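Data block below; observations after.
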Amino acid sequence: MVEVGYALSSEEHGPSELVRYAAAAEQAGFRTAMVSDHFHPWTSRQGQSPFVWSVLGGIAQATERIRVGTGVTCPTIRTHPAIIAHAAATAAVMLPGRFFLGVGSGEALNEHILGDHWPPAEVRIEMLEEAVAVMRLLWQGGTQTHYGEYYVVENARLFTLPDEQIPILVSAFGPMALAAATRMGDGYIGTSPEPDLVQGFADKAGQDKPRIGQMRVCWAEDEAQARREVFELWPTQGLPGQLSQDLVTVEHFEQAVSVLSEEQVVGEVPCGPDPERHLDSFRAYADAGYDTVCVQQVGADQEGFLRFYEREILPKLA
């Protein structure tokens with residue numbers, strides 16, 4: 001059966017809270033955690049956006065066993081891949097044997113902030129492939145130089161490196177991105193139980209490579225309250241197509257979601273206290289081919305969610 005992980009939302013929670021929740025998740029029995037990497041939240045209501053690399057340093061000191069990764073980092077426009085390579089190497093030293101780097105091609109919301117051009121999807125995927133190659137080059141150690149189509153690195157050496165290789169897991173949502181993920185990824189990250197994508201990665205990249213899904217839920221004693229929280233905090237859940245990649249500001253997202261109903265947003269998100277609702281979603285992800293699913297609890301009551309999962313969900317999926 002699928003392993004249950006924990007997704008930390010840096011859009012909703014401040015840095016100290018994220019560190020505390022990661023430690024609590026480890027104590028509750030979660031073995032994997034992911035933390036989102038954004039410059040902006042999706043909407044003002046979410047209200048937070050701490051720097052992920054500082055948060056990871058805190059998590060490293062507050063935990064001992066849980067595996068932790070970014071979900072996901074864009075190493076192409078806002079931040080040069082050499083800088084991400086440096087940050088990830090340090091995180092891996094502080095989290096020995098339990099850090100992975102999740103990467104993706106990003107969203108305009110976060111990547112446009114320095115005035116850079118937001119390229120079309122096919123160019124972003126090419127940039128991501130070169131960025132991954134740059135990071136792996138630097139992780140080899142020694143002085144490295146790279147003159148590529150999108151990036152230049154001259155006489156760069158990372159002196160602080162982990163003893164083990166850093167796994168790179170790639171987020172991919174369409175055929176072009178999936179093909180690139182199979183070429184460069186040590187694993188796959190997805191956000192929906194789509195067998196064509198998950199099994200497509202496994203068939204081409206190898207059945208032994210990890211496949212991590214991300215699932216949003218809202219546990220609460222009252223289902224109606226949980227549905228309201230999802231609708232108010234994550235209305236972007238209902239946005240179709242490329243909007244999430246191409247809208248530029250928080251205000252644009254708020255305008256786009258203003259026409260959505262609660263049903264359009266909440267949809268199949270497991271809400272409320274019924275364990276079977278949550279377990280059914282895990283079964284869908286397992287059937288799609290994921291081996292781990294990191295669950296994001298919407299809202300402030302992370303402790304209640306962790307107690308519920310420790311008591312009702314983790315034993316049934318062990």
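Residue numbering restarts at 1 for every chain of the structure tokens, chains are lettered A, B, ... in their displayed order, and ligands are numbered from 1 as they appear.
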Write down as an NGL selection string the residues belonging to range 82-318 of chain A that are assigned strand (DSSP E or B) by DSSP computed on the backbone.
:A and (99-103 or 144-147 or 152-156 or 168-171 or 187-190 or 211-218 or 271 or 292-297)
Mind listing the helix (DSSP H, G or I) residues of range 57-221 of chain A, per DSSP on the backbone, as a VMD selection string?
chain A and resid 57 to 62 81 to 94 108 to 111 121 to 139 175 to 184 195 to 205
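Computed from the coordinates, the CA of Phe39 in chain A to CA of Glu111 in chain A distance equals 8.1 Å.
Summary of the local environment: counting only C-alpha atoms, residues at most 10 Å from Thr143 in chain A, other than itself and those fewer than 6 positions away along its chain, are Leu137, Glu154, Asn155, Ala156, Arg157, Leu158 and Phe159 of chain A.
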Since we have the selection now, will you write its residues out, keeping C-alpha atoms, as a PDB file, in the first residue's frame?
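The result, written out as selection_9.pdb:
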ATOM      1  CA  LEU A 137      27.937  18.949 -12.417  1.00  0.00           C
ATOM      2  CA  GLU A 154      32.705  29.785 -14.453  1.00  0.00           C
ATOM      3  CA  ASN A 155      35.295  28.303 -12.105  1.00  0.00           C
ATOM      4  CA  ALA A 156      32.705  27.329  -9.497  1.00  0.00           C
ATOM      5  CA  ARG A 157      33.370  24.825  -6.752  1.00  0.00           C
ATOM      6  CA  LEU A 158      31.091  23.669  -3.948  1.00  0.00           C
ATOM      7  CA  PHE A 159      33.275  22.955  -0.930  1.00  0.00           C
TER       8      PHE A 159
END
Can you work out which one of A:Cys271, A:Ala318, A:Ala220, A:Leu109 has the shortest atom-to-atom distance to Ser244 in chain A, counting only C-alpha atoms?
A:Leu109
Nearby residues (only C-alpha atoms) at most 10 Å from range 234-236 of chain A, same-chain spacing under 5 positions excluded, as a count of residues only:
25
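Closest to Gln245 in chain A among A:Tyr151, A:Phe173, A:Thr79, A:Met1 is A:Phe173, based on only C-alpha atoms.
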Please identify all polymer residues within 12 Å of Asp196 in chain A, counting only C-alpha atoms, omitting same-chain residues fewer than 2 positions from it, and present them as a VMD selection string.
chain A and resid 172 to 175 178 190 192 to 194 198 to 204 287 to 290
Keeping N, CA, C and O atoms, export the residues of the selection given above as a PDB file, in the first residue's frame.
ATOM      1  N   ALA A 172       5.899  16.827 -13.149  1.00  0.00           N
ATOM      2  CA  ALA A 172       5.527  16.883 -14.561  1.00  0.00           C
ATOM      3  C   ALA A 172       4.039  16.634 -14.706  1.00  0.00           C
ATOM      4  O   ALA A 172       3.494  15.734 -14.074  1.00  0.00           O
ATOM      5  N   PHE A 173       3.387  17.435 -15.580  1.00  0.00           N
ATOM      6  CA  PHE A 173       1.933  17.354 -15.718  1.00  0.00           C
ATOM      7  C   PHE A 173       1.458  17.059 -17.133  1.00  0.00           C
ATOM      8  O   PHE A 173       0.285  16.781 -17.324  1.00  0.00           O
ATOM      9  N   GLY A 174       2.307  17.156 -18.128  1.00  0.00           N
ATOM     10  CA  GLY A 174       1.905  16.906 -19.505  1.00  0.00           C
ATOM     11  C   GLY A 174       2.910  16.019 -20.212  1.00  0.00           C
ATOM     12  O   GLY A 174       3.981  15.713 -19.671  1.00  0.00           O
ATOM     13  N   PRO A 175       2.607  15.589 -21.439  1.00  0.00           N
ATOM     14  CA  PRO A 175       3.491  14.656 -22.153  1.00  0.00           C
ATOM     15  C   PRO A 175       4.909  15.183 -22.344  1.00  0.00           C
ATOM     16  O   PRO A 175       5.880  14.430 -22.189  1.00  0.00           O
ATOM     17  N   LEU A 178       6.625  15.190 -19.005  1.00  0.00           N
ATOM     18  CA  LEU A 178       6.838  13.814 -18.551  1.00  0.00           C
ATOM     19  C   LEU A 178       8.030  13.189 -19.265  1.00  0.00           C
ATOM     20  O   LEU A 178       8.852  12.503 -18.649  1.00  0.00           O
ATOM     21  N   GLY A 190       3.826  14.222  -8.514  1.00  0.00           N
ATOM     22  CA  GLY A 190       2.583  14.608  -9.160  1.00  0.00           C
ATOM     23  C   GLY A 190       1.554  15.041  -8.139  1.00  0.00           C
ATOM     24  O   GLY A 190       1.712  14.807  -6.932  1.00  0.00           O
ATOM     25  N   SER A 192      -2.003  14.579  -8.814  1.00  0.00           N
ATOM     26  CA  SER A 192      -3.310  13.965  -9.071  1.00  0.00           C
ATOM     27  C   SER A 192      -3.110  12.492  -9.408  1.00  0.00           C
ATOM     28  O   SER A 192      -2.049  12.098  -9.919  1.00  0.00           O
ATOM     29  N   PRO A 193      -4.123  11.664  -9.147  1.00  0.00           N
ATOM     30  CA  PRO A 193      -3.993  10.220  -9.409  1.00  0.00           C
ATOM     31  C   PRO A 193      -4.248   9.878 -10.875  1.00  0.00           C
ATOM     32  O   PRO A 193      -5.254   9.273 -11.218  1.00  0.00           O
ATOM     33  N   GLU A 194      -3.316  10.277 -11.730  1.00  0.00           N
ATOM     34  CA  GLU A 194      -3.425  10.022 -13.168  1.00  0.00           C
ATOM     35  C   GLU A 194      -2.473   8.898 -13.556  1.00  0.00           C
ATOM     36  O   GLU A 194      -1.259   9.109 -13.666  1.00  0.00           O
ATOM     37  N   VAL A 198       1.844   8.712 -14.059  1.00  0.00           N
ATOM     38  CA  VAL A 198       2.652   8.014 -13.052  1.00  0.00           C
ATOM     39  C   VAL A 198       3.259   6.742 -13.640  1.00  0.00           C
ATOM     40  O   VAL A 198       4.463   6.493 -13.527  1.00  0.00           O
ATOM     41  N   GLN A 199       2.427   5.939 -14.269  1.00  0.00           N
ATOM     42  CA  GLN A 199       2.932   4.705 -14.860  1.00  0.00           C
ATOM     43  C   GLN A 199       3.800   4.986 -16.087  1.00  0.00           C
ATOM     44  O   GLN A 199       4.736   4.246 -16.375  1.00  0.00           O
ATOM     45  N   GLY A 200       3.484   6.086 -16.794  1.00  0.00           N
ATOM     46  CA  GLY A 200       4.325   6.466 -17.925  1.00  0.00           C
ATOM     47  C   GLY A 200       5.742   6.768 -17.487  1.00  0.00           C
ATOM     48  O   GLY A 200       6.713   6.375 -18.144  1.00  0.00           O
ATOM     49  N   PHE A 201       5.875   7.455 -16.341  1.00  0.00           N
ATOM     50  CA  PHE A 201       7.211   7.705 -15.807  1.00  0.00           C
ATOM     51  C   PHE A 201       7.876   6.393 -15.409  1.00  0.00           C
ATOM     52  O   PHE A 201       9.045   6.147 -15.747  1.00  0.00           O
ATOM     53  N   ALA A 202       7.163   5.541 -14.683  1.00  0.00           N
ATOM     54  CA  ALA A 202       7.744   4.289 -14.204  1.00  0.00           C
ATOM     55  C   ALA A 202       8.168   3.397 -15.363  1.00  0.00           C
ATOM     56  O   ALA A 202       9.232   2.766 -15.325  1.00  0.00           O
ATOM     57  N   ASP A 203       7.353   3.339 -16.401  1.00  0.00           N
ATOM     58  CA  ASP A 203       7.665   2.463 -17.543  1.00  0.00           C
ATOM     59  C   ASP A 203       8.941   2.896 -18.257  1.00  0.00           C
ATOM     60  O   ASP A 203       9.720   2.053 -18.725  1.00  0.00           O
ATOM     61  N   LYS A 204       9.167   4.211 -18.340  1.00  0.00           N
ATOM     62  CA  LYS A 204      10.318   4.705 -19.103  1.00  0.00           C
ATOM     63  C   LYS A 204      11.544   4.958 -18.233  1.00  0.00           C
ATOM     64  O   LYS A 204      12.675   4.776 -18.686  1.00  0.00           O
ATOM     65  N   ASP A 287      -3.544   3.172  -6.649  1.00  0.00           N
ATOM     66  CA  ASP A 287      -3.925   2.521  -7.901  1.00  0.00           C
ATOM     67  C   ASP A 287      -3.280   3.200  -9.106  1.00  0.00           C
ATOM     68  O   ASP A 287      -3.021   2.555 -10.123  1.00  0.00           O
ATOM     69  N   ALA A 288      -3.046   4.522  -8.991  1.00  0.00           N
ATOM     70  CA  ALA A 288      -2.405   5.244 -10.093  1.00  0.00           C
ATOM     71  C   ALA A 288      -0.916   4.938 -10.206  1.00  0.00           C
ATOM     72  O   ALA A 288      -0.304   5.218 -11.246  1.00  0.00           O
ATOM     73  N   GLY A 289      -0.325   4.389  -9.139  1.00  0.00           N
ATOM     74  CA  GLY A 289       1.078   4.003  -9.201  1.00  0.00           C
ATOM     75  C   GLY A 289       2.014   4.749  -8.286  1.00  0.00           C
ATOM     76  O   GLY A 289       3.232   4.539  -8.334  1.00  0.00           O
ATOM     77  N   TYR A 290       1.503   5.622  -7.420  1.00  0.00           N
ATOM     78  CA  TYR A 290       2.367   6.304  -6.457  1.00  0.00           C
ATOM     79  C   TYR A 290       2.782   5.339  -5.353  1.00  0.00           C
ATOM     80  O   TYR A 290       2.001   4.481  -4.933  1.00  0.00           O
TER      81      TYR A 290
END
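The gap separating CA of Leu306 in chain A from CA of Gln27 in chain A is 9.4 Å, in Å to one decimal.
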Enter the distance from CA of Trp219 in chain A to CA of Pro195 in chain A, in Å, rounded to one decimal.
26.1 Å
